[in-house]
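A.B. asks: So I've got this file, target.cif, and it contains mmCIF, C-alpha atoms:
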data_model
loop_
_atom_site.label_atom_id
_atom_site.label_comp_id
_atom_site.auth_asym_id
_atom_site.auth_seq_id
_atom_site.Cartn_x
_atom_site.Cartn_y
_atom_site.Cartn_z
CA MET B 388 -8.82 31.92 139.03
CA ASN B 389 -10.96 31.66 142.11
CA ASP B 390 -10.56 28.01 142.95
CA PRO B 391 -7.59 27.25 145.25
CA ARG B 392 -7.58 23.68 143.98
CA TRP B 393 -6.03 24.72 140.67
CA PHE B 394 -3.09 26.23 142.52
CA LEU B 395 -2.75 23.09 144.63
CA THR B 396 -2.79 20.97 141.45
CA VAL B 397 0.09 22.98 140.02
CA ALA B 398 1.95 22.51 143.30
CA VAL B 399 1.39 18.72 143.21
CA ILE B 400 2.66 18.53 139.62
CA LEU B 401 5.76 20.57 140.44
CA PHE B 402 6.46 18.52 143.56
CA THR B 403 6.20 15.26 141.62
CA LEU B 404 8.47 16.64 138.91
CA GLY B 405 11.05 17.55 141.54
CA MET B 406 10.78 14.08 143.06
CA ALA B 407 11.19 12.48 139.63
CA GLY B 408 14.31 14.57 138.98
CA PHE B 409 15.65 13.66 142.40
CA LEU B 410 15.21 9.94 141.71
CA ILE B 411 16.09 9.77 138.02
CA ARG B 412 19.01 12.14 137.55
CA ARG B 413 22.54 11.23 138.59
CA ASN B 414 24.21 14.62 138.26
CA LEU B 415 24.35 15.98 141.82
CA LEU B 416 23.77 19.55 140.62
CA VAL B 417 20.51 18.57 138.94
CA VAL B 418 19.51 16.60 142.05
CA LEU B 419 19.96 19.80 144.09
CA LEU B 420 17.88 21.75 141.57
CA SER B 421 15.12 19.13 141.92
CA VAL B 422 15.11 19.70 145.68
CA GLU B 423 14.67 23.42 145.02
CA LEU B 424 11.71 22.62 142.77
CA MET B 425 10.09 20.56 145.55
CA LEU B 426 10.67 23.39 148.07
CA ASN B 427 8.97 25.81 145.69
CA ALA B 428 5.96 23.52 145.30
CA GLY B 429 5.65 23.52 149.10
CA ALA B 430 5.90 27.30 149.15
CA LEU B 431 3.09 27.54 146.60
CA VAL B 432 0.86 25.49 148.90
CA LEU B 433 1.75 27.77 151.84
CA LEU B 434 0.79 30.87 149.87
CA THR B 435 -2.40 29.29 148.52
CA PHE B 436 -3.65 28.55 152.01
CA ALA B 437 -2.51 31.96 153.22
CA ARG B 438 -4.88 33.33 150.56
CA VAL B 439 -7.70 30.92 151.46
CA TRP B 440 -7.58 31.72 155.17
CA GLN B 441 -6.47 35.32 154.64
CA ASP B 442 -3.61 34.79 157.05
CA PRO B 443 -0.33 36.67 156.54
CA GLY B 444 1.37 33.93 158.59
CA GLY B 445 1.74 31.96 155.37
CA HIS B 446 3.64 34.85 153.83
CA ALA B 447 5.91 35.13 156.87
CA PHE B 448 6.55 31.41 156.72
CA PHE B 449 7.35 31.70 153.01
CA PHE B 450 10.11 34.11 154.02
CA LEU B 451 11.50 31.48 156.39
CA VAL B 452 11.30 28.81 153.66
CA VAL B 453 13.26 30.97 151.22
CA ALA B 454 15.97 31.62 153.81
CA LEU B 455 16.07 27.89 154.56
CA ALA B 456 16.42 27.14 150.84
CA ALA B 457 19.32 29.59 150.62
CA ALA B 458 21.11 27.86 153.50
CA GLU B 459 20.38 24.44 152.01
CA SER B 460 21.66 25.32 148.55
CA ALA B 461 24.81 26.96 150.00
CA VAL B 462 25.72 23.82 151.95
CA GLY B 463 24.65 21.54 149.09
CA LEU B 464 26.76 23.39 146.55
CA ALA B 465 29.72 23.36 148.94
CA LEU B 466 29.34 19.59 149.24
CA ILE B 467 29.18 19.25 145.46
CA ILE B 468 32.37 21.28 145.12
CA ALA B 469 34.06 19.07 147.73
CA VAL B 470 32.95 15.90 145.89
CA PHE B 471 34.17 17.35 142.60
CA ARG B 472 37.59 18.11 144.13
CA LEU B 473 37.86 14.54 145.35
CA ARG B 474 36.54 12.70 142.29
CA ARG B 475 36.70 15.09 139.32
CA LYS B 476 33.06 14.14 138.64
CA ILE B 477 29.72 14.65 140.38
CA ASP B 478 27.87 11.43 139.65
CA SER B 479 25.76 10.23 142.57
CA ASP B 480 26.21 6.56 141.60
CA ASP B 481 29.95 6.97 142.10
CA LEU B 482 29.55 7.76 145.78
CA ALA B 483 28.69 4.25 146.87
CA GLU B 484 31.45 3.41 149.37
CA LEU B 485 28.97 3.11 152.22
CA GLU B 486 27.17 0.31 150.39
CA GLY B 487 29.99 -1.93 151.58
CA MET S 1451 -7.97 37.85 131.68
CA LEU S 1452 -6.63 36.67 135.05
CA GLU S 1453 -7.68 33.18 134.12
CA ILE S 1454 -5.66 33.19 130.90
CA LEU S 1455 -2.71 34.57 132.85
CA PHE S 1456 -3.03 31.74 135.36
CA TRP S 1457 -2.94 29.12 132.62
CA ILE S 1458 0.05 30.71 130.89
CA LEU S 1459 1.98 31.05 134.16
CA SER S 1460 1.27 27.55 135.42
CA ALA S 1461 2.05 26.05 131.99
CA LEU S 1462 5.37 27.94 131.99
CA ALA S 1463 6.12 26.77 135.54
CA VAL S 1464 5.43 23.12 134.67
CA ILE S 1465 7.28 23.26 131.33
CA GLY S 1466 10.25 24.88 133.07
CA GLY S 1467 10.17 22.13 135.69
CA VAL S 1468 10.02 19.37 133.07
CA ALA S 1469 12.92 20.95 131.17
CA ALA S 1470 14.89 21.35 134.41
CA ILE S 1471 14.80 17.63 135.16
CA SER S 1472 15.08 16.35 131.58
CA LEU S 1473 17.68 18.53 129.84
CA ARG S 1474 21.14 17.06 129.70
CA THR S 1475 23.40 20.06 130.33
CA PRO S 1476 23.25 21.27 133.98
CA LEU S 1477 23.41 24.91 132.87
CA TYR S 1478 20.27 24.53 130.74
CA CYS S 1479 18.58 22.80 133.69
CA ALA S 1480 19.37 25.79 135.92
CA LEU S 1481 18.15 28.29 133.32
CA SER S 1482 14.84 26.47 132.78
CA LEU S 1483 14.43 26.31 136.55
CA ILE S 1484 14.77 30.10 136.61
CA VAL S 1485 11.92 30.28 134.06
CA SER S 1486 9.85 28.05 136.35
CA PHE S 1487 10.63 30.19 139.41
CA VAL S 1488 9.77 33.48 137.71
CA SER S 1489 6.41 32.12 136.52
CA LEU S 1490 5.80 30.83 140.04
CA ALA S 1491 6.40 34.40 141.23
CA GLY S 1492 3.62 35.43 138.83
CA LEU S 1493 1.35 32.84 140.47
CA TYR S 1494 2.24 34.31 143.88
CA PHE S 1495 1.18 37.74 142.65
CA GLN S 1496 -2.13 36.17 141.56
CA LEU S 1497 -2.53 34.90 145.12
CA LYS S 1498 -2.23 38.54 146.25
CA ALA S 1499 1.14 37.75 147.81
CA ALA S 1500 3.16 40.72 146.58
CA PHE S 1501 5.99 40.48 149.09
CA PRO S 1502 6.57 36.73 148.56
CA GLY S 1503 6.46 37.29 144.80
CA ILE S 1504 9.17 39.94 144.98
CA LEU S 1505 11.15 37.71 147.33
CA GLN S 1506 10.82 34.82 144.88
CA ILE S 1507 12.25 36.85 142.00
CA MET S 1508 15.00 38.53 144.03
CA LEU S 1509 16.16 35.66 146.24
CA TYR S 1510 15.18 32.49 144.38
CA ALA S 1511 15.47 33.38 140.72
CA GLY S 1512 18.15 35.94 141.53
CA ALA S 1513 20.50 35.07 144.35
CA ILE S 1514 20.13 31.31 144.78
CA MET S 1515 20.10 30.47 141.08
CA VAL S 1516 23.05 32.78 140.42
CA LEU S 1517 24.93 30.82 143.09
CA VAL S 1518 23.99 27.57 141.32
CA VAL S 1519 25.00 28.86 137.89
CA PHE S 1520 28.26 30.13 139.40
CA VAL S 1521 29.06 26.66 140.76
CA ILE S 1522 28.14 25.06 137.42
CA MET S 1523 30.65 27.36 135.70
CA PHE S 1524 33.19 26.61 138.43
CA ILE S 1525 32.87 22.84 138.09
CA ASN S 1526 32.94 22.78 134.28
CA LEU S 1527 32.30 19.09 133.64
CA PRO S 1528 33.89 17.44 130.61
CA GLU S 1529 31.54 16.50 127.77
CA ASP S 1530 31.61 12.74 128.33
CA GLU S 1531 30.77 13.21 132.02
CA ILE S 1532 27.60 15.07 131.05
CA ASP S 1533 26.62 12.34 128.60
CA ALA S 1534 27.01 9.72 131.32
CA ASP S 1535 24.11 11.19 133.29
CA GLU S 1536 21.42 8.68 132.53
CA ARG S 1537 19.72 5.99 134.50
CA SER S 1538 18.79 2.69 132.93
CA ARG S 1539 15.42 2.59 131.25
CA ALA S 1540 14.18 0.19 133.95
CA GLY S 1541 15.16 2.62 136.72
CA VAL S 1542 13.24 5.45 135.09
CA LEU S 1543 10.21 3.20 134.58
CA ILE S 1544 10.21 2.00 138.18
CA SER S 1545 10.42 5.55 139.56
CA LEU S 1546 7.57 6.64 137.27
CA LEU S 1547 5.60 3.61 138.44
CA PHE S 1548 5.71 5.07 141.96
CA LEU S 1549 5.48 8.76 141.12
CA VAL S 1550 2.53 8.81 138.72
CA PRO S 1551 0.16 7.08 141.21
CA LEU S 1552 1.49 9.41 143.94
CA ALA S 1553 0.67 12.49 141.86
CA ALA S 1554 -2.72 11.03 140.88
CA LEU S 1555 -3.48 10.32 144.54
CA LEU S 1556 -2.52 13.83 145.67
CA ILE S 1557 -4.50 15.48 142.88
CA GLY S 1558 -7.43 13.23 143.75
CA VAL S 1559 -7.22 14.33 147.39
CA VAL S 1560 -7.10 17.97 146.31
CA TRP S 1561 -10.16 17.69 144.07
CA THR S 1562 -12.29 15.59 146.41
CA SER S 1563 -11.81 18.03 149.30
CA GLU S 1564 -14.33 20.78 149.76
CA MET S 1565 -12.74 24.19 149.34
CA GLU S 1566 -14.26 27.62 149.31
CA PRO S 1567 -13.35 29.82 146.35
CA PHE S 1568 -11.11 32.76 147.17
CA GLU S 1569 -12.80 35.66 148.90
CA ALA S 1570 -11.87 39.28 148.55
CA VAL S 1571 -8.98 40.33 150.79
CA ALA S 1572 -7.94 43.59 152.37
CA ALA S 1573 -6.01 45.90 150.08
CA ASP S 1574 -2.82 45.60 152.13
CA PHE S 1575 -2.87 41.77 152.24
CA GLY S 1576 0.62 40.51 151.41
CA SER S 1577 2.20 43.94 151.60
CA ILE S 1578 5.53 44.38 153.34
CA PRO S 1579 4.20 46.11 156.53
CA VAL S 1580 1.62 43.38 157.16
CA VAL S 1581 4.03 40.50 156.51
CA GLY S 1582 6.75 42.23 158.53
CA ARG S 1583 4.47 42.70 161.52
CA GLU S 1584 3.50 39.03 161.36
CA LEU S 1585 7.12 37.96 160.96
CA PHE S 1586 8.40 39.94 163.92
CA THR S 1587 5.56 39.08 166.30
CA THR S 1588 4.14 35.59 165.76
CA TRP S 1589 7.14 34.17 163.94
CA LEU S 1590 9.88 36.02 165.84
CA TYR S 1591 11.32 32.91 167.49
CA PRO S 1592 11.61 30.87 164.24
CA PHE S 1593 13.08 33.95 162.59
CA GLU S 1594 15.82 34.24 165.21
CA VAL S 1595 16.55 30.51 165.09
CA LEU S 1596 16.77 30.76 161.31
CA SER S 1597 19.44 33.45 161.58
CA LEU S 1598 21.51 31.01 163.66
CA LEU S 1599 20.94 28.37 160.97
CA ILE S 1600 22.11 30.77 158.27
CA VAL S 1601 25.31 31.51 160.19
CA ALA S 1602 25.92 27.79 160.67
CA ALA S 1603 25.26 27.11 156.97
CA MET S 1604 27.59 29.94 155.94
CA VAL S 1605 30.45 28.71 158.13
CA GLY S 1606 29.75 25.12 157.10
CA ALA S 1607 29.76 25.95 153.40
CA VAL S 1608 33.11 27.72 153.70
CA VAL S 1609 34.65 24.88 155.73
CA ILE S 1610 33.35 22.17 153.39
CA ALA S 1611 34.24 23.89 150.13
CA LYS S 1612 37.65 25.34 151.00
CA LYS S 1613 40.74 23.63 149.73
CA ARG S 1614 42.45 21.57 152.40
CA LEU S 1615 46.08 22.50 152.72
CA THR S 1616 47.10 18.98 153.74
CA ASP S 1617 45.83 17.49 150.46
CA GLU S 1618 48.23 16.79 147.59
#
Write out the structure in this file as structure tokens.

C.D. replies:
Amino acid sequence: MNDPRWFLTVAVILFTLGMAGFLIRRNLLVVLLSVELMLNAGALVLLTFARVWQDPGGHAFFFLVVALAAAESAVGLALIIAVFRLRRKIDSDDLAELEG
Amino acid sequence: MLEILFWILSALAVIGGVAAISLRTPLYCALSLIVSFVSLAGLYFQLKAAFPGILQIMLYAGAIMVLVVFVIMFINLPEDEIDADERSRAGVLISLLFLVPLAALLIGVVWTSEMEPFEAVAADFGSIPVVGRELFTTWLYPFEVLSLLIVAAMVGAVVIAKKRLTDE
């Protein structure tokens, strides 16, 4: 595969899938997984352009993105555990107190 | 050969992604997401990004997803809670109404832009020494800031998730 546009197309599809999961699903765990999918689509774009411009900076930045994703999922999972302790369920539609 | 591999890997990545957002049980969602991540690692290898590919398998498909699966086991939702996870048909339709044009627009932008095909790269492109040199020279400051962020996230995760003694 020599055309970077195919890789970008895959990234777009994965990003949209992640967005769809984020909007459609109510289980907070699956919502978090959708965010991970979107992050990975972004990482694929980074690496594609690192290849196009032959710049290892994209690879270094991928490292930063992975570390960021680890921090994000650690805090997100901690929040999910806290919500589960409070409510005994992890349904995002249940957490609507701020709606007033 | 590489072309067939690309199609197989990207099909696996997309199918894994679709399964991850459409399966009902959270554990199955996490497992299909691992399939998606591992095939993405294959795509990274095709982009001559060996170090990111290894990182993807070890950190993403390994560490992060193990953490997720661990929490899924820990939470252990009752059966009727899992069945409740559905939006109304109208909600799904409205989100698709926004997302499908968005995807079409982005793909249109990708395919109308002029892009050179990949050129040959140096043999050590994407190897650990090259990426490491880049990381600890150009990206040193973000790297150091990120270590602070990781510490903050670690402390925050412990504080948020620990059982409060004043409860109950």

A.B. asks: For chain S against chain B, with a cut-off of 6 Å and counting all atoms listed in the file, what is the closest atom pair and its distance in Å to one decimal for every residue that makes the cut, ordered by chain and number, as a Markdown table?

C.D. replies:
| residue | atom | partner | partner_atom | distance |
| --- | --- | --- | --- | --- |
| S:Glu1453 | CA | B:Met388 | CA | 5.2 |
| S:Ile1471 | CA | B:Gly408 | CA | 4.9 |
| S:Asp1535 | CA | B:Arg413 | CA | 5.5 |
| S:Val1542 | CA | B:Ile411 | CA | 5.9 |
| S:Ile1557 | CA | B:Thr396 | CA | 5.9 |
| S:Pro1567 | CA | B:Asp390 | CA | 4.8 |
| S:Phe1568 | CA | B:Asn389 | CA | 5.2 |
| S:Val1581 | CA | B:Ala447 | CA | 5.7 |
| S:Leu1585 | CA | B:Ala447 | CA | 5.1 |
| S:Ile1600 | CA | B:Ala458 | CA | 5.7 |
| S:Ala1603 | CA | B:Ala458 | CA | 5.5 |
| S:Ala1607 | CA | B:Val462 | CA | 4.8 |
| S:Ile1610 | CA | B:Ala465 | CA | 5.9 |
| S:Ala1611 | CA | B:Ala465 | CA | 4.7 |

A.B. asks: Take atom CA of Met1508 of chain S and atom CA of Val1488 of chain S and report the distance between them in Å, one decimal.

C.D. replies: 9.6 Å

A.B. asks: What separation in Å, quoted to one decimal, exists between atom CA of Val1519 of chain S and atom CA of Leu1596 of chain S?

C.D. replies: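 Atom CA of Val1519 of chain S sits 24.9 Å away from atom CA of Leu1596 of chain S.
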
A.B. asks: For atom CA of Ala1491 of chain S and atom CA of Ile1507 of chain S, determine how far apart the two atoms are, in Å to one decimal place.

C.D. replies: 6.4 Å

A.B. asks: With a distance cut-off of 10 Å and only C-alpha atoms, select the neighbouring residues of Leu1481 of chain S, excluding the residue or stretch itself and same-chain residues fewer than 3 positions from it, and output the selection as a PyMOL selection string.

C.D. replies: chain S and resi 1466+1469-1470+1476-1478+1484-1487+1511+1515-1516+1518-1519

A.B. asks: I need the residue set behind the PyMOL selection byres ((chain S and resi 1493) around 9) for this file; please write it as a VMD selection string.

C.D. replies: (chain B and resid 394 431) or (chain S and resid 1455 to 1456 1459 to 1460 1488 to 1492 1494 to 1499 1503)
